[in-house]
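Visitor: Sending over query-v8.tsv (TSV, C-alpha atoms and all ligand atoms).
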```tsv
chain	number	residue	atom	x	y	z
A	1	MET	CA	69.43	133.99	105.93
A	2	ASP	CA	73.06	133.55	104.88
A	3	LEU	CA	74.07	129.90	105.06
A	4	THR	CA	77.10	130.24	102.81
A	5	THR	CA	80.37	128.74	103.90
A	6	ARG	CA	83.85	128.23	102.54
A	7	TYR	CA	85.31	124.76	102.58
A	8	LEU	CA	88.47	123.54	100.77
A	9	GLY	CA	88.63	126.85	98.93
A	10	LEU	CA	85.12	126.23	97.55
A	11	ASP	CA	82.29	128.71	98.13
A	12	LEU	CA	79.31	126.61	99.15
A	13	GLU	CA	75.67	127.60	99.49
A	14	SER	CA	75.32	125.77	102.78
A	15	PRO	CA	77.44	123.54	105.01
A	16	LEU	CA	75.25	120.46	104.41
A	17	MET	CA	76.52	117.70	102.13
A	18	PRO	CA	76.36	113.91	101.97
A	19	GLY	CA	79.51	112.19	103.24
A	20	ALA	CA	81.46	109.50	101.40
A	21	SER	CA	79.08	106.57	100.97
A	22	PRO	CA	77.01	104.63	98.43
A	23	LEU	CA	74.72	107.70	98.18
A	24	ALA	CA	76.70	108.92	95.17
A	25	ASP	CA	76.67	105.55	93.37
A	26	SER	CA	73.43	106.41	91.58
A	27	LEU	CA	73.00	109.54	89.45
A	28	ASP	CA	69.34	109.59	90.35
A	29	VAL	CA	70.15	109.79	94.07
A	30	VAL	CA	72.84	112.40	93.36
A	31	ARG	CA	70.25	114.62	91.62
A	32	ARG	CA	67.84	114.13	94.52
A	33	LEU	CA	70.60	115.16	96.93
A	34	GLU	CA	71.27	118.32	94.93
A	35	ASP	CA	67.53	119.09	94.84
A	36	ALA	CA	67.42	118.60	98.62
A	37	GLY	CA	70.13	121.26	99.02
A	38	ALA	CA	73.41	119.32	99.07
A	39	SER	CA	76.13	121.94	98.67
A	40	ALA	CA	78.62	119.34	97.36
A	41	ILE	CA	78.59	115.66	96.49
A	42	VAL	CA	81.16	113.37	98.14
A	43	MET	CA	81.81	110.04	96.46
A	44	ARG	CA	82.63	106.79	98.22
A	45	SER	CA	86.33	105.83	98.41
A	46	LEU	CA	88.31	103.89	95.92
A	47	PHE	CA	90.88	101.69	97.68
A	48	GLU	CA	94.62	101.47	97.13
A	49	GLU	CA	94.31	97.68	96.84
A	50	GLN	CA	91.75	98.00	94.04
A	51	ILE	CA	94.03	100.29	92.07
A	52	THR	CA	97.16	98.23	92.68
A	53	ARG	CA	95.38	95.04	91.65
A	54	GLU	CA	94.21	96.69	88.44
A	55	MET	CA	97.75	97.93	87.71
A	56	THR	CA	99.77	94.87	88.71
A	57	GLY	CA	97.35	91.96	89.09
A	58	SER	CA	98.22	91.83	92.80
A	59	ILE	CA	96.82	93.84	95.70
A	60	TYR	CA	100.35	94.64	96.92
A	61	ALA	CA	102.74	96.84	95.01
A	62	VAL	CA	105.60	95.28	96.95
A	63	GLU	CA	105.35	91.69	98.16
A	64	THR	CA	105.68	91.05	101.87
A	65	SER	CA	106.56	87.60	103.22
A	66	ALA	CA	105.12	84.83	101.03
A	67	ASP	CA	102.83	83.46	103.77
A	68	SER	CA	101.26	86.70	104.88
A	69	PHE	CA	101.01	87.76	101.24
A	70	ALA	CA	99.00	84.66	100.28
A	71	GLU	CA	96.78	85.01	103.31
A	72	ALA	CA	96.11	88.71	102.80
A	73	THR	CA	95.25	88.07	99.19
A	74	SER	CA	92.80	85.34	100.20
A	75	TYR	CA	90.73	87.56	102.51
A	76	PHE	CA	90.74	90.61	100.28
A	77	PRO	CA	87.31	91.11	98.57
A	78	LYS	CA	86.97	90.01	94.95
A	79	ALA	CA	86.83	92.75	92.33
A	80	SER	CA	83.14	91.89	91.80
A	81	GLU	CA	82.37	92.74	95.46
A	82	PHE	CA	83.19	96.42	94.92
A	83	SER	CA	80.43	98.70	93.67
A	84	LEU	CA	82.90	100.64	91.53
A	85	GLY	CA	86.21	99.48	90.05
A	86	PRO	CA	88.90	102.04	89.14
A	87	ASP	CA	87.57	102.69	85.61
A	88	GLU	CA	83.94	102.74	86.71
A	89	TYR	CA	84.89	105.17	89.46
A	90	LEU	CA	86.18	107.69	86.92
A	91	ASP	CA	83.08	107.17	84.74
A	92	GLN	CA	80.82	107.73	87.74
A	93	LEU	CA	82.79	110.85	88.67
A	94	ARG	CA	82.40	112.26	85.14
A	95	GLY	CA	78.69	111.39	85.22
A	96	ILE	CA	78.17	113.20	88.53
A	97	CYS	CA	80.10	116.26	87.32
A	98	GLU	CA	77.76	116.46	84.32
A	99	ALA	CA	74.62	115.80	86.36
A	100	VAL	CA	75.03	118.49	89.06
A	101	ARG	CA	76.18	122.08	89.40
A	102	VAL	CA	77.58	121.72	92.91
A	103	PRO	CA	81.23	120.73	93.50
A	104	VAL	CA	82.11	117.04	93.43
A	105	ILE	CA	84.58	115.59	95.94
A	106	ALA	CA	86.19	112.21	95.19
A	107	SER	CA	87.79	109.98	97.80
A	108	LEU	CA	90.84	107.72	97.91
A	109	ASN	CA	91.62	105.29	100.69
A	110	GLY	CA	95.12	103.90	101.10
A	111	ILE	CA	98.05	103.52	103.47
A	112	THR	CA	101.24	103.78	101.40
A	113	VAL	CA	103.05	106.28	99.19
A	114	ARG	CA	103.31	104.18	96.06
A	115	GLY	CA	102.23	104.09	92.43
A	116	TRP	CA	98.52	103.93	93.21
A	117	LEU	CA	98.66	107.62	94.11
A	118	ASP	CA	99.06	108.45	90.40
A	119	TYR	CA	95.39	107.65	90.21
A	120	ALA	CA	94.72	110.91	92.06
A	121	LEU	CA	95.74	112.73	88.88
A	122	GLN	CA	93.16	110.83	86.88
A	123	ILE	CA	90.54	111.85	89.43
A	124	GLN	CA	91.57	115.47	88.97
A	125	GLU	CA	91.47	115.12	85.16
A	126	ALA	CA	88.01	113.51	85.36
A	127	GLY	CA	86.71	116.74	86.89
A	128	ALA	CA	86.75	116.36	90.68
A	129	ASP	CA	86.70	119.71	92.47
A	130	ALA	CA	88.50	118.27	95.50
A	131	LEU	CA	89.80	115.01	96.89
A	132	GLU	CA	89.35	113.37	100.28
A	133	LEU	CA	92.12	111.12	101.55
A	134	ASN	CA	91.11	108.46	104.00
A	135	VAL	CA	94.07	106.64	105.57
A	136	TYR	CA	92.30	103.69	107.20
A	137	TYR	CA	95.22	102.21	109.05
A	138	LEU	CA	95.11	100.09	112.17
A	139	PRO	CA	98.50	100.12	113.98
A	140	THR	CA	98.76	96.44	114.96
A	141	ASP	CA	102.56	96.13	115.08
A	142	PRO	CA	103.90	96.65	118.64
A	143	ALA	CA	107.21	97.83	117.15
A	144	GLU	CA	105.58	100.74	115.31
A	145	GLU	CA	105.73	104.07	117.17
A	146	SER	CA	102.95	106.66	117.13
A	147	VAL	CA	105.19	109.10	115.24
A	148	ALA	CA	105.52	106.55	112.43
A	149	VAL	CA	101.75	106.16	112.30
A	150	GLU	CA	101.33	109.91	111.89
A	151	ARG	CA	104.16	110.08	109.34
A	152	ARG	CA	102.32	107.61	107.13
A	153	THR	CA	99.44	110.04	106.63
A	154	LEU	CA	101.72	113.09	106.38
A	155	ASP	CA	103.77	111.42	103.62
A	156	ILE	CA	100.65	110.55	101.63
A	157	VAL	CA	99.36	114.11	101.96
A	158	ARG	CA	102.68	115.60	100.80
A	159	ALA	CA	102.85	113.23	97.82
A	160	VAL	CA	99.30	113.95	96.70
A	161	LYS	CA	99.57	117.70	97.27
A	162	GLY	CA	102.80	117.75	95.29
A	163	ALA	CA	101.00	116.29	92.29
A	164	LEU	CA	97.52	117.88	92.32
A	165	ARG	CA	96.17	121.38	91.89
A	166	ILE	CA	92.72	120.61	93.38
A	167	PRO	CA	92.28	120.91	97.16
A	168	VAL	CA	92.92	117.86	99.32
A	169	ALA	CA	91.10	117.07	102.57
A	170	VAL	CA	92.18	114.43	105.08
A	171	LYS	CA	89.63	112.29	106.89
A	172	LEU	CA	91.02	111.26	110.27
A	173	SER	CA	90.12	108.63	112.81
A	174	PRO	CA	89.75	109.77	116.43
A	175	PHE	CA	92.57	107.48	117.59
A	176	PHE	CA	95.55	109.82	117.54
A	177	SER	CA	97.27	110.46	120.84
A	178	ALA	CA	98.03	114.15	120.19
A	179	LEU	CA	95.36	115.20	117.72
A	180	PRO	CA	95.77	119.02	117.92
A	181	HIS	CA	99.49	118.72	117.10
A	182	PHE	CA	98.88	116.20	114.32
A	183	VAL	CA	96.24	118.43	112.72
A	184	ARG	CA	98.75	121.34	112.71
A	185	GLU	CA	101.30	119.01	111.07
A	186	LEU	CA	98.75	118.13	108.38
A	187	GLU	CA	98.13	121.82	107.79
A	188	ARG	CA	101.89	122.34	107.37
A	189	ALA	CA	102.06	119.34	105.00
A	190	GLY	CA	99.60	121.15	102.72
A	191	ALA	CA	96.21	119.66	103.62
A	192	ASP	CA	93.40	122.02	102.60
A	193	GLY	CA	90.93	120.71	105.16
A	194	ILE	CA	90.37	118.02	107.79
A	195	ILE	CA	87.34	115.81	108.34
A	196	LEU	CA	86.62	114.66	111.91
A	197	PHE	CA	86.09	111.67	112.05
A	198	ASN	CA	86.29	108.51	110.07
A	199	ARG	CA	84.63	105.55	111.80
A	200	PHE	CA	86.45	102.29	112.32
A	201	TYR	CA	84.02	99.49	111.78
A	202	GLN	CA	84.36	97.22	114.78
A	203	PRO	CA	83.68	93.56	114.22
A	204	ASP	CA	81.79	91.60	116.86
A	205	ILE	CA	82.80	88.10	117.99
A	206	ASP	CA	80.66	85.14	117.02
A	207	ALA	CA	81.40	83.09	120.17
A	208	GLU	CA	79.69	79.93	118.89
A	209	ASN	CA	81.72	79.68	115.70
A	210	LEU	CA	84.87	81.46	116.89
A	211	GLU	CA	84.70	83.95	114.06
A	212	ALA	CA	84.94	87.70	113.74
A	213	GLU	CA	81.63	89.13	112.58
A	214	PRO	CA	81.98	92.27	110.50
A	215	ARG	CA	78.99	94.52	111.14
A	216	LEU	CA	77.98	97.85	109.79
A	217	HIS	CA	75.95	99.88	112.25
A	218	LEU	CA	74.61	103.17	111.06
A	219	SER	CA	75.35	105.97	113.51
A	220	ASP	CA	73.05	107.70	115.96
A	221	PRO	CA	73.43	111.23	117.38
A	222	SER	CA	75.39	109.96	120.42
A	223	GLU	CA	78.42	109.78	118.09
A	224	LEU	CA	78.23	113.52	117.65
A	225	LEU	CA	79.70	114.27	121.09
A	226	LEU	CA	83.18	112.93	120.34
A	227	ARG	CA	83.27	115.11	117.20
A	228	LEU	CA	81.99	118.24	118.97
A	229	ARG	CA	84.67	117.93	121.62
A	230	TRP	CA	87.54	117.63	119.14
A	231	LEU	CA	86.20	120.29	116.79
A	232	ALA	CA	86.03	122.67	119.76
A	233	ILE	CA	89.61	121.83	120.76
A	234	VAL	CA	91.22	121.72	117.32
A	235	SER	CA	89.48	124.58	115.48
A	236	PRO	CA	90.88	127.66	117.31
A	237	GLY	CA	93.81	129.09	115.38
A	238	LEU	CA	93.63	126.56	112.55
A	239	ARG	CA	93.73	128.23	109.13
A	240	ILE	CA	92.28	125.33	107.15
A	241	PRO	CA	88.59	124.44	107.49
A	242	LEU	CA	87.20	121.48	109.38
A	243	ALA	CA	84.30	119.26	108.37
A	244	ILE	CA	82.37	117.02	110.72
A	245	SER	CA	81.42	113.46	109.83
A	246	GLY	CA	79.64	111.18	112.26
A	247	GLY	CA	76.42	111.41	114.22
A	248	VAL	CA	74.90	114.45	112.49
A	249	HIS	CA	71.20	113.62	112.12
A	250	SER	CA	69.24	116.88	112.55
A	251	GLY	CA	69.31	120.63	112.01
A	252	LEU	CA	70.23	121.11	115.67
A	253	ASP	CA	73.16	118.67	115.31
A	254	THR	CA	74.30	120.85	112.40
A	255	VAL	CA	74.04	124.03	114.49
A	256	LYS	CA	76.12	122.43	117.27
A	257	SER	CA	78.76	121.27	114.77
A	258	LEU	CA	79.12	124.78	113.39
A	259	MET	CA	79.30	126.26	116.88
A	260	ALA	CA	82.09	123.82	117.70
A	261	GLY	CA	84.02	125.08	114.67
A	262	ALA	CA	83.00	123.07	111.59
A	263	SER	CA	82.78	124.77	108.20
A	264	ALA	CA	81.10	121.80	106.49
A	265	VAL	CA	78.77	119.11	107.77
A	266	GLN	CA	78.72	115.65	106.21
A	267	VAL	CA	75.76	113.35	106.67
A	268	VAL	CA	75.50	109.66	105.78
A	269	SER	CA	73.57	107.46	108.24
A	270	ALA	CA	70.62	109.86	108.54
A	271	LEU	CA	70.29	109.99	104.74
A	272	LEU	CA	70.63	106.22	104.37
A	273	LYS	CA	67.88	105.79	106.98
A	274	LYS	CA	65.53	108.57	105.92
A	275	GLY	CA	66.36	109.19	102.26
A	276	PRO	CA	68.23	112.03	100.47
A	277	GLU	CA	65.33	114.45	101.08
A	278	HIS	CA	66.14	114.45	104.79
A	279	LEU	CA	68.90	116.91	103.93
A	280	ARG	CA	66.20	119.49	103.12
A	281	THR	CA	64.49	118.82	106.46
A	282	MET	CA	67.81	119.36	108.24
A	283	ARG	CA	68.30	122.65	106.44
A	284	ILE	CA	64.80	123.83	107.32
A	285	GLU	CA	65.34	122.85	110.97
A	286	MET	CA	68.64	124.72	111.01
A	287	GLU	CA	67.11	127.87	109.45
A	288	ARG	CA	64.20	127.78	111.89
A	289	TRP	CA	66.58	127.46	114.84
A	290	MET	CA	68.73	130.31	113.58
A	291	GLU	CA	65.68	132.53	113.03
A	292	GLU	CA	64.34	131.82	116.52
A	293	HIS	CA	67.72	132.64	118.02
A	294	GLU	CA	68.32	135.69	115.83
A	295	TYR	CA	71.33	134.45	113.91
A	296	GLU	CA	71.53	135.88	110.41
A	297	SER	CA	74.53	133.97	109.12
A	298	LEU	CA	76.69	130.95	109.80
A	299	ALA	CA	79.62	133.27	110.33
A	300	GLN	CA	77.91	134.57	113.49
A	301	MET	CA	77.76	131.13	115.07
A	302	ARG	CA	80.83	129.35	113.69
A	303	GLY	CA	83.21	128.51	116.47
A	304	ASN	CA	81.31	130.36	119.20
A	305	MET	CA	81.41	127.18	121.31
A	306	SER	CA	85.01	126.35	120.46
A	307	LEU	CA	87.62	126.55	123.18
A	308	ALA	CA	89.17	129.64	121.54
A	309	ARG	CA	88.58	131.84	124.57
A	310	CYS	CA	89.22	129.15	127.15
A	311	PRO	CA	92.55	130.00	128.83
A	312	ASP	CA	93.23	126.39	129.88
A	313	PRO	CA	91.23	123.80	127.92
A	314	ASN	CA	92.87	120.94	129.78
A	315	ALA	CA	91.95	122.27	133.22
A	316	PHE	CA	88.44	123.03	131.92
A	317	SER	CA	88.07	119.48	130.68
A	318	ARG	CA	89.37	117.94	133.93
A	319	ALA	CA	87.06	120.14	135.97
A	320	ASN	CA	84.04	119.03	133.95
A	321	TYR	CA	85.15	115.42	134.25
A	322	MET	CA	85.35	115.67	138.04
A	323	ARG	CA	81.98	117.42	138.26
A	324	ILE	CA	80.25	114.85	136.06
A	325	LEU	CA	81.60	111.94	138.09
A	326	GLN	CA	80.40	113.59	141.31
A	327	SER	CA	76.90	114.03	139.89
A	328	TRP	CA	75.95	110.39	140.65
A	329	ARG	CA	74.87	109.46	144.14
A	330	VAL	CA	74.00	105.90	145.08
A	331	GLY	CA	71.71	104.67	147.83
A	332	PRO	CA	69.65	106.44	150.48
A	401	LIG	C1	77.53	102.17	103.86
A	401	LIG	C2	78.62	103.17	104.15
A	401	LIG	C3	79.68	103.30	103.25
A	401	LIG	C4	80.71	104.19	103.53
A	401	LIG	N1	81.74	104.33	102.63
A	401	LIG	C5	82.74	105.20	102.90
A	401	LIG	C6	83.80	105.38	101.98
A	401	LIG	O1	83.85	104.75	100.92
A	401	LIG	N2	84.79	106.26	102.30
A	401	LIG	C7	84.77	106.99	103.48
A	401	LIG	O2	85.68	107.78	103.71
A	401	LIG	N3	83.76	106.84	104.35
A	401	LIG	C8	82.76	105.97	104.09
A	401	LIG	N4	81.74	105.82	104.99
A	401	LIG	C9	81.80	106.59	106.26
A	401	LIG	C10	80.94	107.85	106.14
A	401	LIG	O3	81.44	108.73	105.16
A	401	LIG	C11	80.87	108.60	107.48
A	401	LIG	O4	82.17	109.05	107.83
A	401	LIG	C12	80.33	107.76	108.62
A	401	LIG	O5	79.22	106.99	108.20
A	401	LIG	C13	79.91	108.65	109.78
A	401	LIG	O6	78.90	109.56	109.38
A	401	LIG	P1	77.34	109.33	109.71
A	401	LIG	O7	77.21	109.27	111.19
A	401	LIG	O8	76.65	110.51	109.12
A	401	LIG	O9	76.94	108.05	109.08
A	401	LIG	C14	80.69	104.95	104.73
A	401	LIG	C15	79.62	104.81	105.62
A	401	LIG	C16	78.59	103.93	105.34
A	401	LIG	C17	77.45	103.82	106.32
```
Let's see the structure in the file written out as structure tokens.
Ligand SMILES: Cc1cc2nc3c(=O)[nH]c(=O)nc-3n(C[C@H](O)[C@H](O)[C@H](O)COP(=O)(O)O)c2cc1C
Guide:
Amino acid sequence: MDLTTRYLGLDLESPLMPGASPLADSLDVVRRLEDAGASAIVMRSLFEEQITREMTGSIYAVETSADSFAEATSYFPKASEFSLGPDEYLDQLRGICEAVRVPVIASLNGITVRGWLDYALQIQEAGADALELNVYYLPTDPAEESVAVERRTLDIVRAVKGALRIPVAVKLSPFFSALPHFVRELERAGADGIILFNRFYQPDIDAENLEAEPRLHLSDPSELLLRLRWLAIVSPGLRIPLAISGGVHSGLDTVKSLMAGASAVQVVSALLKKGPEHLRTMRIEMERWMEEHEYESLAQMRGNMSLARCPDPNAFSRANYMRILQSWRVGP
């Protein structure tokens, strides 16, 4: 069975890989992931603020107003709260590159085009085969227009692509008002791939103590549906490959992701819950499903549930919406 795929210009043995997470913090776990069939290793992100603090002693390259600056600095995590500082990150990257034969993808998370981006070059020099950019930005300013929010990511992509020779993928949140257009803009800006989607961690409210409660919930497969929809909409006609991240827990989830148009499938929560070896189980489940349904390669199924042949995806979606709402009847 041919499970090979091409993602970010890399020829991979299968689409299955761990997503950015603490899974790559330990070389032992990284080796177990490779043994379980990981076709690439994705490292957790290093943050702009970490790099800027290391370079300048302050988390901001440019000071904002004195009050908000002092406050932002006070709630930013201490250097000791990060698993990897900037130097350790490069050491870990070199260690992973030596420990495994599969490609290694590093990750940077930031929101400005400033000096911290020079660090991307060091990541390339340390041996990364590709880089993920995660622009975790919450538009909280009512004066900021959606175009400016998109431009932020586009500018970062252009700056990084202008400096690096390794491929660059962009990990997006689902909260863009015109995602298909934005993805095309990212392609034009030079992105080599797109990951759908980043998760925004949503704090709860502690009503007794009037505090925000940051919580990390691992995903379940219900999160897959949002990704499948947007993969199916965005993938037709796109030249760069898409990866899915979020809610992939089984071999069947992987099959659906590929059918919707993904070229690579990133898994985190399922591996944190069940261990790195679950990746092998997912691969076996996928192969069994493909065998039973007489698929011989990923190429035969990739995108066959995308909206490529749908003449009017919007009308299709509205029709399904109406039908689903009519499917509930209440009372005798
Ligand atoms: C503990 C933990 C740490 C994570 N760290 C990062 C990170 O550093 N950078 C990043 O882009 N995503 C990070 N993620 C998000 C994952 O890469 C992934 O996008 C998300 O968990 C959805 O995939 P899943 O449903 O397979 O968990 C993290 C997720 C978890 C659970």
Visitor: For ligand LIG 401 (chain A), list the contacting residues at 8 Å or closer, counting only C-alpha atoms and all ligand atoms, as a PyMOL selection string.
Guide: chain A and resi 18-22+43-46+107-109+132-134+171+197-199+216-221+223-224+245-249+266-272
Visitor: Okay, now the selection with C-alpha atoms, as a PDB file, in the frame of the given file?
Guide:
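Output file out_7.pdb is given in full below:
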```pdb
ATOM      1  CA  PRO A  18      76.360 113.910 101.970  1.00  0.00           C
ATOM      2  CA  GLY A  19      79.510 112.190 103.240  1.00  0.00           C
ATOM      3  CA  ALA A  20      81.460 109.500 101.400  1.00  0.00           C
ATOM      4  CA  SER A  21      79.080 106.570 100.970  1.00  0.00           C
ATOM      5  CA  PRO A  22      77.010 104.630  98.430  1.00  0.00           C
ATOM      6  CA  MET A  43      81.810 110.040  96.460  1.00  0.00           C
ATOM      7  CA  ARG A  44      82.630 106.790  98.220  1.00  0.00           C
ATOM      8  CA  SER A  45      86.330 105.830  98.410  1.00  0.00           C
ATOM      9  CA  LEU A  46      88.310 103.890  95.920  1.00  0.00           C
ATOM     10  CA  SER A 107      87.790 109.980  97.800  1.00  0.00           C
ATOM     11  CA  LEU A 108      90.840 107.720  97.910  1.00  0.00           C
ATOM     12  CA  ASN A 109      91.620 105.290 100.690  1.00  0.00           C
ATOM     13  CA  GLU A 132      89.350 113.370 100.280  1.00  0.00           C
ATOM     14  CA  LEU A 133      92.120 111.120 101.550  1.00  0.00           C
ATOM     15  CA  ASN A 134      91.110 108.460 104.000  1.00  0.00           C
ATOM     16  CA  LYS A 171      89.630 112.290 106.890  1.00  0.00           C
ATOM     17  CA  PHE A 197      86.090 111.670 112.050  1.00  0.00           C
ATOM     18  CA  ASN A 198      86.290 108.510 110.070  1.00  0.00           C
ATOM     19  CA  ARG A 199      84.630 105.550 111.800  1.00  0.00           C
ATOM     20  CA  LEU A 216      77.980  97.850 109.790  1.00  0.00           C
ATOM     21  CA  HIS A 217      75.950  99.880 112.250  1.00  0.00           C
ATOM     22  CA  LEU A 218      74.610 103.170 111.060  1.00  0.00           C
ATOM     23  CA  SER A 219      75.350 105.970 113.510  1.00  0.00           C
ATOM     24  CA  ASP A 220      73.050 107.700 115.960  1.00  0.00           C
ATOM     25  CA  PRO A 221      73.430 111.230 117.380  1.00  0.00           C
ATOM     26  CA  GLU A 223      78.420 109.780 118.090  1.00  0.00           C
ATOM     27  CA  LEU A 224      78.230 113.520 117.650  1.00  0.00           C
ATOM     28  CA  SER A 245      81.420 113.460 109.830  1.00  0.00           C
ATOM     29  CA  GLY A 246      79.640 111.180 112.260  1.00  0.00           C
ATOM     30  CA  GLY A 247      76.420 111.410 114.220  1.00  0.00           C
ATOM     31  CA  VAL A 248      74.900 114.450 112.490  1.00  0.00           C
ATOM     32  CA  HIS A 249      71.200 113.620 112.120  1.00  0.00           C
ATOM     33  CA  GLN A 266      78.720 115.650 106.210  1.00  0.00           C
ATOM     34  CA  VAL A 267      75.760 113.350 106.670  1.00  0.00           C
ATOM     35  CA  VAL A 268      75.500 109.660 105.780  1.00  0.00           C
ATOM     36  CA  SER A 269      73.570 107.460 108.240  1.00  0.00           C
ATOM     37  CA  ALA A 270      70.620 109.860 108.540  1.00  0.00           C
ATOM     38  CA  LEU A 271      70.290 109.990 104.740  1.00  0.00           C
ATOM     39  CA  LEU A 272      70.630 106.220 104.370  1.00  0.00           C
TER      40      LEU A 272
END
```
Visitor: Compute the distance from (105.7, 110.7, 112.1) to each atom, counting all atoms listed in the file, keep the residues with any atom at most 12 Å away, and return them as a list of chain:residue names; use the coordinates of the file.
Guide: A:Glu144, A:Glu145, A:Ser146, A:Val147, A:Ala148, A:Val149, A:Glu150, A:Arg151, A:Arg152, A:Thr153, A:Leu154, A:Asp155, A:Ile156, A:Phe176, A:Ala178, A:His181, A:Phe182, A:Glu185, A:Leu186, A:Ala189
Visitor: When you count all atoms listed in the file, which of these residues is closest to Ala130 of chain A: A:Asp25, A:Asp312, A:Asp204, A:Asp192?
Guide: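 Residue with the minimum atom-to-atom distance to Ala130 of chain A: A:Asp192.
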Visitor: Report as a PyMOL selection string all protein, DNA and RNA residues lying within 12 Å of Pro174 of chain A, evaluated on all atoms listed in the file, omitting residues in the same chain fewer than 5 positions from it.
Guide: chain A and resi 136-138+179-180+182-183+194-200+223+225-231+244-246
Visitor: Tell me which of A:Gly95, A:Ser257, A:Gly190, A:Phe47 sits closest to Leu16 of chain A, counting only C-alpha atoms.
Guide: A:Ser257
Visitor: Provide the atom CA of Thr281 of chain A to atom CA of Gly251 of chain A distance in Å, to one decimal place.
Guide: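 The value is 7.6 Å.
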Visitor: Atom CA of Asp129 of chain A and atom CA of Ile166 of chain A, how far apart in Å?
Guide: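 So the two atoms, atom CA of Ile166 of chain A and atom CA of Asp129 of chain A, lie 6.2 Å apart.
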Visitor: Just how far from atom CA of Leu164 of chain A is atom CA of Val30 of chain A, in Å to one decimal?
Guide: 25.3 Å
Visitor: Restricting the calculation to all atoms listed in the file: of A:Ile233, A:Ser250, A:Gln50, A:Ile205, which residue gets closest to Ser317 of chain A?
Guide: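 Comparing A:Ile233, A:Ser250, A:Gln50, A:Ile205 against Ser317 of chain A, the winner is A:Ile233.
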Visitor: Could you check which residues have any atom within 12 Å of (95.6, 112.3, 89.7), counting all atoms listed in the file with coordinates taken straight from the file, and then list them as JSON, numbers by chain?
Guide: {"A": [90, 106, 107, 108, 115, 116, 117, 118, 119, 120, 121, 122, 123, 124, 125, 126, 127, 128, 129, 130, 131, 159, 160, 161, 162, 163, 164, 165, 166, 167, 168]}
Visitor: Which of these residues is nearest to Tyr7 of chain A, using all atoms listed in the file: A:Leu210, A:Ile324, A:Ile105, A:Met305?
Guide: A:Ile105
Visitor: Taking all atoms listed in the file into account, name the residue in A:Glu187, A:Glu296, A:Asp253, A:Glu285 that is nearest to Gly237 of chain A.
Guide: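 Closest candidate: A:Glu187.
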Visitor: Applying 8 Å and all atoms listed in the file, which residues near Ser235 of chain A remain after dropping the ones on its own chain fewer than 5 positions away? List them as number ranges by chain.
Guide: A: 242, 260-262, 303, 306, 308
Visitor: Save N, CA, C and O atoms of segment 242-251 of chain A from the block above as a PDB file, in the first residue's frame.
Guide:
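File written: decode-v5.pdb
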```
ATOM      1  N   LEU A 242      -1.874  21.263   2.218  1.00  0.00           N
ATOM      2  CA  LEU A 242      -2.531  21.584   3.481  1.00  0.00           C
ATOM      3  C   LEU A 242      -2.265  20.455   4.481  1.00  0.00           C
ATOM      4  O   LEU A 242      -2.249  19.283   4.107  1.00  0.00           O
ATOM      5  N   ALA A 243      -2.081  20.840   5.740  1.00  0.00           N
ATOM      6  CA  ALA A 243      -2.037  19.841   6.810  1.00  0.00           C
ATOM      7  C   ALA A 243      -3.223  20.097   7.712  1.00  0.00           C
ATOM      8  O   ALA A 243      -3.704  21.226   7.822  1.00  0.00           O
ATOM      9  N   ILE A 244      -3.696  19.036   8.364  1.00  0.00           N
ATOM     10  CA  ILE A 244      -4.766  19.203   9.341  1.00  0.00           C
ATOM     11  C   ILE A 244      -4.164  19.091  10.732  1.00  0.00           C
ATOM     12  O   ILE A 244      -3.248  18.304  10.966  1.00  0.00           O
ATOM     13  N   SER A 245      -4.649  19.915  11.642  1.00  0.00           N
ATOM     14  CA  SER A 245      -4.290  19.797  13.049  1.00  0.00           C
ATOM     15  C   SER A 245      -5.538  20.084  13.863  1.00  0.00           C
ATOM     16  O   SER A 245      -6.123  21.157  13.745  1.00  0.00           O
ATOM     17  N   GLY A 246      -5.928  19.104  14.678  1.00  0.00           N
ATOM     18  CA  GLY A 246      -7.088  19.310  15.541  1.00  0.00           C
ATOM     19  C   GLY A 246      -8.131  18.233  15.377  1.00  0.00           C
ATOM     20  O   GLY A 246      -8.769  18.138  14.320  1.00  0.00           O
ATOM     21  N   GLY A 247      -8.276  17.413  16.402  1.00  0.00           N
ATOM     22  CA  GLY A 247      -9.363  16.434  16.434  1.00  0.00           C
ATOM     23  C   GLY A 247      -9.092  15.139  15.698  1.00  0.00           C
ATOM     24  O   GLY A 247     -10.000  14.320  15.542  1.00  0.00           O
ATOM     25  N   VAL A 248      -7.860  14.920  15.218  1.00  0.00           N
ATOM     26  CA  VAL A 248      -7.562  13.655  14.535  1.00  0.00           C
ATOM     27  C   VAL A 248      -7.125  12.636  15.595  1.00  0.00           C
ATOM     28  O   VAL A 248      -6.083  12.797  16.228  1.00  0.00           O
ATOM     29  N   HIS A 249      -7.952  11.610  15.800  1.00  0.00           N
ATOM     30  CA  HIS A 249      -7.664  10.641  16.865  1.00  0.00           C
ATOM     31  C   HIS A 249      -7.557   9.203  16.366  1.00  0.00           C
ATOM     32  O   HIS A 249      -7.107   8.331  17.105  1.00  0.00           O
ATOM     33  N   SER A 250      -7.997   8.919  15.144  1.00  0.00           N
ATOM     34  CA  SER A 250      -8.037   7.518  14.687  1.00  0.00           C
ATOM     35  C   SER A 250      -7.618   7.428  13.223  1.00  0.00           C
ATOM     36  O   SER A 250      -7.492   8.450  12.530  1.00  0.00           O
ATOM     37  N   GLY A 251      -7.487   6.178  12.753  1.00  0.00           N
ATOM     38  CA  GLY A 251      -7.176   5.951  11.346  1.00  0.00           C
ATOM     39  C   GLY A 251      -8.284   6.493  10.457  1.00  0.00           C
ATOM     40  O   GLY A 251      -8.020   7.064   9.392  1.00  0.00           O
TER      41      GLY A 251
END
```
